[in-house]
Amino acid sequence: MEPPASGFPRRRRERRSRRLVLGAGAAVSAAALVLSTVPAASAAPEESQEPAVEEELGELEQLLRERESDAAAPEDLHAEEVPDDVSVEEAEQALEASEELTAEDLRYAAATEDLADSTDSDFYTTPATLPAEDGALIRQEESTFYLDPVGLIEHDAEVTRIMYRTTDSNGGARAAVATVLEPARSGQDTQRPLVIHAPGTQGLGDQCAPSRQLAAGTEYEGVGIAAALEAGYAVVVPDYIGLGTEGAHTYMNRVDQAHAVLDAARAAQQAEGVDLGEENPVHIRGYSQGGGASAAALEIAHEHAPELNLISGAAGAVPADLFEVADMIDSSLYNAFLLFALGGLVESEGLDPAEFLNEEGLARLEQASGQCTVSALISHMFVDTSTLTVDGRGFTELIQDEPFFSALVEQRIGEGRAPQVPVQVNHSLLDDVIPYRTGRSLAQRWCGEGARVAFESNVAPTHVGGFVAGMPGVALFTTLSLNGWSTANSCWRL
């Protein structure tokens, strides 16, 4: 959207400025994660590998304790501290019901909403004609990477926003956007690893696109990206198809997400002034939606982008079987994820939602299509999905029939496909969004196809907890694999 005109209501401007100050607290506290870096790819294992990981694990555990303390502490909220489409009462109910959401998360979501609305959208307009090849660069521009929404903490990385051509699951040419981040330049380094960081769930609204949020300082995965930069890696962060660009975001579409991830890396290597080429080693990683995107990309990379110097990958809390995920979260705090996935299916499969959703269901689907994650979670939490359908069946029952069943079967990751490079799969036994068995079963299927899989589990509570607890292991696996050192193979015990 364009920046507000000078006649924009005064009350709204005051509310926005206060939100920015309040929202900065979450980013500043999160930035503590970058106090130490993961081991650099050039580090000797006996000198830096174990101490660095142990130090980072201690800081991550401290972060978890702080989040738990914040979530447990009662706190009064005000209207300016929550997103526009969420009432204070709804926000307070969400904090009481959730072990993951904190008041800082709500304030940060409010800041995200306002800052993203003011992001220039001209760059995201799809040209009338697209290049013929996937991964072809369409346009680029300089960008920024802030770790806070008031622009106080700007990373010194070289940041380039790119638009590139990719292909959706229906064979249609699409334009997608990604952000390329490089450590402070010292000339081209063909040995510098490139980490493709597939982001987790952002929402369906165009304002939620990671490329917009990185520039605005509201991207919740910014700290992990900063850690990769501090380790000496270049990073590419794709927005995925339809997030920020034309069309609806095809959330949870296996092929769309895999293509967007791989083609972003190819386009980054073509960007002017970006010190990357086909020689640079590539590592793909992500968690949650990003875990699904990474896993899907890893298992087709040798076919879709064989020229990439792909070395390894890591995928956390992979939603590899959407039937199992739906059964876990239907009518729960996480209803928003079901609405996001339904919106993605409607877009990919060309469905008419009026054939299976009643008036309230259609209204909620429309509302979710413009929301980012936190707002959507609060807006739709604990709604009985059987009250949203024409025939009174909940979403878990609805997807057992056509046209949903075959479409969701097609989204299953690891079905006759497997990575041809070493991979790590990580998952918490206490994940409350994506069942642990879903991630473990994916590892088993990949092993059955001959892949080398290091499977790491943890017992951190909640989906967010599993992400934080898994980070040190991902950092270690990344270092080992990019240095050519041997990684664990868990297939014998799965």
# chains A, B, ... in the order shown; residues from 1 in each chain; ligands from 1
call {"tool": "select_by_dssp", "arguments": {"residues": "region 184-336 of chain A", "states": "alpha helix (DSSP H)", "output": "compact mmCIF listing (two decimals) with all heavy atoms, in the first residue's frame"}}
result
# COMPACT_ATOMS: atom_id res chain seq x y z
N PRO A 210 7.93 -11.64 4.02
CA PRO A 210 9.20 -11.45 4.73
C PRO A 210 10.05 -10.31 4.17
O PRO A 210 10.70 -9.60 4.93
CB PRO A 210 9.91 -12.80 4.54
CG PRO A 210 8.80 -13.78 4.41
CD PRO A 210 7.72 -13.06 3.65
N SER A 211 10.05 -10.11 2.84
CA SER A 211 10.86 -9.03 2.28
C SER A 211 10.40 -7.67 2.76
O SER A 211 11.19 -6.74 2.92
CB SER A 211 10.81 -9.08 0.74
OG SER A 211 9.49 -8.89 0.26
N ARG A 212 9.11 -7.50 3.00
CA ARG A 212 8.59 -6.26 3.56
C ARG A 212 8.97 -6.14 5.04
O ARG A 212 9.37 -5.09 5.52
CB ARG A 212 7.07 -6.21 3.42
CG ARG A 212 6.55 -6.14 1.98
CD ARG A 212 5.02 -6.17 2.00
NE ARG A 212 4.44 -6.23 0.67
CZ ARG A 212 4.05 -5.17 -0.04
NH1 ARG A 212 4.21 -3.97 0.45
NH2 ARG A 212 3.51 -5.32 -1.23
N GLN A 213 8.83 -7.26 5.76
CA GLN A 213 9.05 -7.21 7.20
C GLN A 213 10.52 -7.10 7.57
O GLN A 213 10.87 -6.47 8.58
CB GLN A 213 8.41 -8.44 7.85
CG GLN A 213 6.89 -8.50 7.66
CD GLN A 213 6.23 -9.33 8.73
OE1 GLN A 213 6.28 -8.99 9.91
NE2 GLN A 213 5.60 -10.41 8.31
N LEU A 214 11.40 -7.70 6.78
CA LEU A 214 12.83 -7.53 7.04
C LEU A 214 13.22 -6.06 6.93
O LEU A 214 14.01 -5.55 7.74
CB LEU A 214 13.64 -8.37 6.05
CG LEU A 214 13.63 -9.88 6.27
CD1 LEU A 214 14.21 -10.60 5.07
CD2 LEU A 214 14.40 -10.25 7.54
N ALA A 215 12.67 -5.38 5.93
CA ALA A 215 12.98 -3.96 5.74
C ALA A 215 12.35 -3.10 6.81
O ALA A 215 12.85 -2.02 7.15
CB ALA A 215 12.50 -3.52 4.35
N ALA A 216 11.22 -3.55 7.38
CA ALA A 216 10.52 -2.77 8.40
C ALA A 216 10.97 -3.10 9.82
O ALA A 216 10.60 -2.40 10.76
CB ALA A 216 9.01 -3.02 8.28
N GLY A 222 14.06 -12.71 12.01
CA GLY A 222 15.22 -11.88 11.71
C GLY A 222 16.44 -12.23 12.53
O GLY A 222 17.58 -12.11 12.06
N VAL A 223 16.23 -12.66 13.77
CA VAL A 223 17.36 -12.97 14.63
C VAL A 223 18.14 -14.17 14.11
O VAL A 223 19.36 -14.19 14.08
CB VAL A 223 16.88 -13.20 16.07
CG1 VAL A 223 18.02 -13.67 16.95
CG2 VAL A 223 16.29 -11.92 16.63
N GLY A 224 17.41 -15.21 13.66
CA GLY A 224 18.07 -16.37 13.09
C GLY A 224 18.82 -16.04 11.82
O GLY A 224 19.91 -16.57 11.55
N ILE A 225 18.26 -15.14 11.02
CA ILE A 225 18.93 -14.70 9.80
C ILE A 225 20.21 -13.93 10.15
O ILE A 225 21.26 -14.11 9.53
CB ILE A 225 17.97 -13.83 8.96
CG1 ILE A 225 16.80 -14.70 8.46
CG2 ILE A 225 18.69 -13.18 7.79
CD1 ILE A 225 15.63 -13.90 7.92
N ALA A 226 20.11 -13.08 11.17
CA ALA A 226 21.29 -12.32 11.61
C ALA A 226 22.39 -13.25 12.11
O ALA A 226 23.57 -13.02 11.86
CB ALA A 226 20.89 -11.34 12.70
N ALA A 227 22.01 -14.32 12.80
CA ALA A 227 23.00 -15.28 13.29
C ALA A 227 23.75 -15.94 12.14
O ALA A 227 24.96 -16.15 12.21
CB ALA A 227 22.33 -16.32 14.16
N ALA A 228 23.03 -16.27 11.06
CA ALA A 228 23.67 -16.88 9.89
C ALA A 228 24.64 -15.90 9.24
O ALA A 228 25.74 -16.28 8.81
CB ALA A 228 22.61 -17.33 8.89
N LEU A 229 24.26 -14.63 9.19
CA LEU A 229 25.16 -13.61 8.63
C LEU A 229 26.41 -13.45 9.49
O LEU A 229 27.52 -13.33 8.97
CB LEU A 229 24.43 -12.27 8.52
CG LEU A 229 23.34 -12.18 7.46
CD1 LEU A 229 22.47 -10.93 7.68
CD2 LEU A 229 23.94 -12.16 6.06
N GLU A 230 26.23 -13.47 10.81
CA GLU A 230 27.37 -13.34 11.70
C GLU A 230 28.32 -14.52 11.57
O GLU A 230 29.53 -14.40 11.82
CB GLU A 230 26.88 -13.22 13.16
CG GLU A 230 26.11 -11.96 13.47
CD GLU A 230 26.94 -10.70 13.28
OE1 GLU A 230 28.15 -10.75 13.58
OE2 GLU A 230 26.41 -9.70 12.80
N ARG A 254 3.09 -27.89 -1.66
CA ARG A 254 4.44 -28.47 -1.69
C ARG A 254 5.27 -28.00 -2.88
O ARG A 254 6.41 -27.57 -2.72
CB ARG A 254 4.30 -30.00 -1.70
CG ARG A 254 5.60 -30.76 -1.86
CD ARG A 254 5.34 -32.27 -1.89
NE ARG A 254 4.52 -32.65 -3.01
CZ ARG A 254 4.96 -32.86 -4.26
NH1 ARG A 254 6.25 -32.68 -4.54
NH2 ARG A 254 4.14 -33.23 -5.23
N VAL A 255 4.71 -28.09 -4.08
CA VAL A 255 5.45 -27.75 -5.29
C VAL A 255 5.74 -26.26 -5.36
O VAL A 255 6.85 -25.83 -5.67
CB VAL A 255 4.69 -28.22 -6.54
CG1 VAL A 255 5.35 -27.73 -7.82
CG2 VAL A 255 4.57 -29.74 -6.55
N ASP A 256 4.73 -25.43 -5.09
CA ASP A 256 4.91 -23.98 -5.14
C ASP A 256 6.03 -23.53 -4.21
O ASP A 256 6.88 -22.70 -4.56
CB ASP A 256 3.61 -23.27 -4.75
CG ASP A 256 2.58 -23.30 -5.86
OD1 ASP A 256 2.69 -24.16 -6.76
OD2 ASP A 256 1.65 -22.47 -5.83
N GLN A 257 6.01 -24.05 -2.98
CA GLN A 257 7.01 -23.64 -2.00
C GLN A 257 8.40 -24.12 -2.39
O GLN A 257 9.39 -23.39 -2.27
CB GLN A 257 6.61 -24.14 -0.61
CG GLN A 257 5.35 -23.45 -0.11
CD GLN A 257 4.88 -23.91 1.26
OE1 GLN A 257 4.04 -23.28 1.89
NE2 GLN A 257 5.39 -25.04 1.73
N ALA A 258 8.50 -25.36 -2.88
CA ALA A 258 9.80 -25.89 -3.29
C ALA A 258 10.39 -25.08 -4.44
O ALA A 258 11.57 -24.72 -4.44
CB ALA A 258 9.67 -27.36 -3.69
N HIS A 259 9.56 -24.78 -5.43
CA HIS A 259 10.03 -23.99 -6.57
C HIS A 259 10.47 -22.60 -6.13
O HIS A 259 11.51 -22.09 -6.59
CB HIS A 259 8.93 -23.88 -7.62
CG HIS A 259 8.69 -25.15 -8.38
ND1 HIS A 259 7.72 -25.28 -9.35
CD2 HIS A 259 9.31 -26.37 -8.33
CE1 HIS A 259 7.74 -26.50 -9.85
NE2 HIS A 259 8.70 -27.18 -9.24
N ALA A 260 9.69 -21.96 -5.27
CA ALA A 260 10.03 -20.62 -4.82
C ALA A 260 11.37 -20.60 -4.10
O ALA A 260 12.17 -19.67 -4.26
CB ALA A 260 8.93 -20.07 -3.92
N VAL A 261 11.64 -21.63 -3.30
CA VAL A 261 12.90 -21.71 -2.55
C VAL A 261 14.08 -21.89 -3.51
O VAL A 261 15.09 -21.16 -3.45
CB VAL A 261 12.84 -22.87 -1.54
CG1 VAL A 261 14.22 -23.23 -1.02
CG2 VAL A 261 11.92 -22.52 -0.38
N LEU A 262 13.99 -22.85 -4.40
CA LEU A 262 15.11 -23.17 -5.29
C LEU A 262 15.35 -22.06 -6.32
O LEU A 262 16.50 -21.69 -6.60
CB LEU A 262 14.83 -24.49 -6.01
CG LEU A 262 14.77 -25.72 -5.09
CD1 LEU A 262 14.22 -26.93 -5.85
CD2 LEU A 262 16.14 -26.04 -4.50
N ASP A 263 14.27 -21.51 -6.86
CA ASP A 263 14.43 -20.46 -7.87
C ASP A 263 14.94 -19.16 -7.28
O ASP A 263 15.57 -18.36 -7.96
CB ASP A 263 13.10 -20.25 -8.61
CG ASP A 263 12.73 -21.44 -9.47
OD1 ASP A 263 13.64 -22.17 -9.90
OD2 ASP A 263 11.52 -21.66 -9.71
N ALA A 264 14.68 -18.93 -5.98
CA ALA A 264 15.23 -17.75 -5.32
C ALA A 264 16.76 -17.81 -5.29
O ALA A 264 17.44 -16.80 -5.51
CB ALA A 264 14.67 -17.63 -3.91
N ALA A 265 17.29 -19.00 -5.02
CA ALA A 265 18.75 -19.16 -4.99
C ALA A 265 19.34 -18.94 -6.38
O ALA A 265 20.38 -18.29 -6.54
CB ALA A 265 19.11 -20.54 -4.48
N ARG A 266 18.68 -19.47 -7.39
CA ARG A 266 19.18 -19.29 -8.76
C ARG A 266 19.17 -17.82 -9.16
O ARG A 266 20.13 -17.33 -9.77
CB ARG A 266 18.30 -20.09 -9.74
CG ARG A 266 18.27 -21.57 -9.46
CD ARG A 266 17.07 -22.21 -10.13
NE ARG A 266 17.42 -23.07 -11.24
CZ ARG A 266 16.54 -23.69 -12.01
NH1 ARG A 266 15.24 -23.54 -11.80
NH2 ARG A 266 16.94 -24.47 -12.99
N ALA A 267 18.12 -17.12 -8.82
CA ALA A 267 18.03 -15.70 -9.17
C ALA A 267 19.05 -14.87 -8.41
O ALA A 267 19.64 -13.92 -8.94
CB ALA A 267 16.62 -15.18 -8.89
N ALA A 268 19.31 -15.23 -7.14
CA ALA A 268 20.28 -14.50 -6.32
C ALA A 268 21.66 -14.54 -6.97
O ALA A 268 22.43 -13.57 -6.90
CB ALA A 268 20.32 -15.07 -4.92
N GLN A 289 6.20 -24.02 8.46
CA GLN A 289 5.99 -23.87 7.03
C GLN A 289 7.33 -23.88 6.30
O GLN A 289 7.47 -24.47 5.22
CB GLN A 289 5.24 -22.58 6.69
CG GLN A 289 4.99 -22.43 5.18
CD GLN A 289 4.42 -21.08 4.76
OE1 GLN A 289 4.30 -20.17 5.57
NE2 GLN A 289 4.06 -20.96 3.50
N GLY A 290 8.32 -23.23 6.89
CA GLY A 290 9.65 -23.23 6.31
C GLY A 290 10.27 -24.62 6.29
O GLY A 290 11.06 -24.96 5.39
N GLY A 291 9.93 -25.45 7.28
CA GLY A 291 10.40 -26.83 7.28
C GLY A 291 9.79 -27.61 6.14
O GLY A 291 10.46 -28.41 5.48
N GLY A 292 8.49 -27.36 5.89
CA GLY A 292 7.84 -28.02 4.76
C GLY A 292 8.42 -27.56 3.43
O GLY A 292 8.66 -28.37 2.53
N ALA A 293 8.64 -26.25 3.31
CA ALA A 293 9.21 -25.71 2.07
C ALA A 293 10.61 -26.24 1.85
O ALA A 293 10.99 -26.60 0.72
CB ALA A 293 9.21 -24.18 2.13
N SER A 294 11.42 -26.29 2.92
CA SER A 294 12.78 -26.80 2.80
C SER A 294 12.79 -28.27 2.42
O SER A 294 13.55 -28.70 1.54
CB SER A 294 13.54 -26.61 4.12
OG SER A 294 13.65 -25.25 4.44
N ALA A 295 11.97 -29.06 3.11
CA ALA A 295 11.91 -30.49 2.82
C ALA A 295 11.48 -30.75 1.39
O ALA A 295 12.06 -31.59 0.68
CB ALA A 295 10.96 -31.18 3.80
N ALA A 296 10.46 -30.03 0.94
CA ALA A 296 9.98 -30.21 -0.43
C ALA A 296 11.03 -29.80 -1.45
O ALA A 296 11.20 -30.45 -2.50
CB ALA A 296 8.70 -29.39 -0.65
N ALA A 297 11.77 -28.73 -1.15
CA ALA A 297 12.84 -28.29 -2.06
C ALA A 297 13.98 -29.28 -2.08
O ALA A 297 14.53 -29.60 -3.15
CB ALA A 297 13.34 -26.91 -1.63
N LEU A 298 14.35 -29.80 -0.92
CA LEU A 298 15.48 -30.72 -0.85
C LEU A 298 15.23 -31.99 -1.66
O LEU A 298 16.14 -32.53 -2.28
CB LEU A 298 15.76 -31.08 0.62
CG LEU A 298 16.46 -29.98 1.43
CD1 LEU A 298 16.30 -30.23 2.93
CD2 LEU A 298 17.93 -29.90 1.05
N GLU A 299 13.99 -32.47 -1.66
CA GLU A 299 13.74 -33.74 -2.34
C GLU A 299 13.53 -33.61 -3.85
O GLU A 299 13.47 -34.63 -4.54
CB GLU A 299 12.55 -34.47 -1.68
CG GLU A 299 11.23 -33.78 -1.77
CD GLU A 299 10.11 -34.56 -1.09
OE1 GLU A 299 10.40 -35.38 -0.19
OE2 GLU A 299 8.94 -34.36 -1.45
N ILE A 300 13.43 -32.39 -4.37
CA ILE A 300 13.33 -32.24 -5.83
C ILE A 300 14.45 -31.39 -6.41
O ILE A 300 14.48 -31.12 -7.61
CB ILE A 300 11.97 -31.64 -6.25
CG1 ILE A 300 11.85 -30.17 -5.82
CG2 ILE A 300 10.80 -32.47 -5.72
CD1 ILE A 300 10.71 -29.43 -6.50
N ALA A 301 15.40 -30.97 -5.58
CA ALA A 301 16.45 -30.05 -6.04
C ALA A 301 17.26 -30.64 -7.18
O ALA A 301 17.62 -29.92 -8.13
CB ALA A 301 17.38 -29.71 -4.87
N HIS A 302 17.55 -31.93 -7.14
CA HIS A 302 18.37 -32.54 -8.18
C HIS A 302 17.67 -32.56 -9.53
O HIS A 302 18.32 -32.66 -10.57
CB HIS A 302 18.75 -33.97 -7.78
CG HIS A 302 17.58 -34.87 -7.54
ND1 HIS A 302 16.81 -34.79 -6.40
CD2 HIS A 302 17.04 -35.87 -8.30
CE1 HIS A 302 15.85 -35.70 -6.46
NE2 HIS A 302 15.97 -36.36 -7.58
N GLU A 303 16.34 -32.42 -9.52
CA GLU A 303 15.59 -32.37 -10.77
C GLU A 303 15.30 -30.94 -11.21
O GLU A 303 15.45 -30.58 -12.38
CB GLU A 303 14.26 -33.13 -10.61
CG GLU A 303 14.41 -34.61 -10.32
CD GLU A 303 13.07 -35.26 -10.04
OE1 GLU A 303 12.08 -34.51 -9.83
OE2 GLU A 303 13.01 -36.50 -10.02
N HIS A 304 14.88 -30.10 -10.26
CA HIS A 304 14.44 -28.74 -10.61
C HIS A 304 15.61 -27.78 -10.77
O HIS A 304 15.55 -26.88 -11.62
CB HIS A 304 13.48 -28.21 -9.54
CG HIS A 304 12.87 -26.89 -9.90
ND1 HIS A 304 11.86 -26.77 -10.83
CD2 HIS A 304 13.15 -25.62 -9.46
CE1 HIS A 304 11.53 -25.49 -10.95
NE2 HIS A 304 12.30 -24.78 -10.13
N LEU A 322 -0.62 -33.35 5.88
CA LEU A 322 -1.58 -32.32 6.30
C LEU A 322 -2.82 -32.92 6.95
O LEU A 322 -3.51 -32.23 7.70
CB LEU A 322 -1.96 -31.45 5.11
CG LEU A 322 -0.80 -30.66 4.48
CD1 LEU A 322 -1.31 -29.76 3.36
CD2 LEU A 322 -0.07 -29.82 5.53
N PHE A 323 -3.12 -34.19 6.69
CA PHE A 323 -4.24 -34.84 7.39
C PHE A 323 -3.92 -34.92 8.88
O PHE A 323 -4.78 -34.64 9.73
CB PHE A 323 -4.48 -36.24 6.83
CG PHE A 323 -5.00 -36.28 5.42
CD1 PHE A 323 -4.15 -36.57 4.37
CD2 PHE A 323 -6.33 -36.00 5.14
CE1 PHE A 323 -4.61 -36.60 3.06
CE2 PHE A 323 -6.81 -36.02 3.83
CZ PHE A 323 -5.94 -36.32 2.80
N GLU A 324 -2.71 -35.31 9.22
CA GLU A 324 -2.31 -35.43 10.63
C GLU A 324 -2.26 -34.06 11.30
O GLU A 324 -2.66 -33.92 12.47
CB GLU A 324 -0.95 -36.12 10.72
CG GLU A 324 -0.98 -37.56 10.27
CD GLU A 324 0.39 -38.24 10.30
OE1 GLU A 324 1.39 -37.53 10.54
OE2 GLU A 324 0.45 -39.46 10.08
N VAL A 325 -1.79 -33.06 10.59
CA VAL A 325 -1.73 -31.71 11.16
C VAL A 325 -3.15 -31.19 11.43
O VAL A 325 -3.42 -30.64 12.50
CB VAL A 325 -0.98 -30.75 10.23
CG1 VAL A 325 -0.99 -29.34 10.80
CG2 VAL A 325 0.46 -31.22 10.01
N ALA A 326 -4.05 -31.38 10.47
CA ALA A 326 -5.42 -30.91 10.64
C ALA A 326 -6.08 -31.58 11.85
O ALA A 326 -6.79 -30.92 12.63
CB ALA A 326 -6.23 -31.19 9.37
N ASP A 327 -5.85 -32.86 12.01
CA ASP A 327 -6.43 -33.59 13.14
C ASP A 327 -5.92 -33.03 14.46
O ASP A 327 -6.64 -33.02 15.46
CB ASP A 327 -6.09 -35.08 13.01
CG ASP A 327 -6.80 -35.92 14.05
OD1 ASP A 327 -8.04 -35.88 14.11
OD2 ASP A 327 -6.10 -36.62 14.83
N MET A 328 -4.69 -32.55 14.46
CA MET A 328 -4.06 -32.02 15.68
C MET A 328 -4.64 -30.66 16.08
O MET A 328 -4.83 -30.37 17.26
CB MET A 328 -2.55 -31.89 15.44
CG MET A 328 -1.76 -31.35 16.63
SD MET A 328 -1.30 -32.67 17.75
CE MET A 328 0.07 -31.89 18.61
N ILE A 329 -4.92 -29.80 15.12
CA ILE A 329 -5.23 -28.40 15.45
C ILE A 329 -6.66 -27.99 15.15
O ILE A 329 -7.03 -26.84 15.40
CB ILE A 329 -4.26 -27.45 14.73
CG1 ILE A 329 -4.42 -27.53 13.20
CG2 ILE A 329 -2.82 -27.73 15.14
CD1 ILE A 329 -3.56 -26.52 12.44
N ASN A 335 -6.59 -22.55 14.71
CA ASN A 335 -7.52 -22.60 13.58
C ASN A 335 -7.05 -21.77 12.39
O ASN A 335 -7.34 -22.10 11.23
CB ASN A 335 -8.90 -22.07 14.02
CG ASN A 335 -9.78 -23.16 14.58
OD1 ASN A 335 -9.60 -24.33 14.30
ND2 ASN A 335 -10.74 -22.76 15.40
N ALA A 336 -6.33 -20.69 12.66
CA ALA A 336 -5.88 -19.81 11.58
C ALA A 336 -5.07 -20.58 10.55
O ALA A 336 -5.17 -20.31 9.34
CB ALA A 336 -5.06 -18.66 12.15
call {"tool": "closest_residue", "arguments": {"among": "A:Leu351, A:Leu310, A:Leu480, A:Cys491", "to": "Gln420 (chain A)", "atoms": "only C-alpha atoms"}}
result
A:Leu310
call {"tool": "closest_residue", "arguments": {"among": "A:Tyr240, A:Ala475, A:Val464, A:Ile284", "to": "Pro419 (chain A)", "atoms": "only C-alpha atoms"}}
result
A:Ile284
call {"tool": "closest_residue", "arguments": {"among": "A:Cys447, A:Ala173, A:Ile434, A:Leu333", "to": "Asp384 (chain A)", "atoms": "only C-alpha atoms"}}
result
A:Leu333
call {"tool": "residues_around", "arguments": {"residues": "region 378-382 of chain A", "least_positions_apart": "3", "cutoff": "12 Å", "atoms": "only C-alpha atoms", "output": "ChimeraX atom specification"}}
result
/A:82-98,101,105-106,109,329-340,360-361,363-368,370-375,385-388
call {"tool": "residues_around", "arguments": {"residues": "Ser457 (chain A)", "least_positions_apart": "4", "cutoff": "7 Å", "atoms": "only C-alpha atoms", "output": "list in words"}}
result
Asn426, His427, Ser428 and Leu429 of chain A
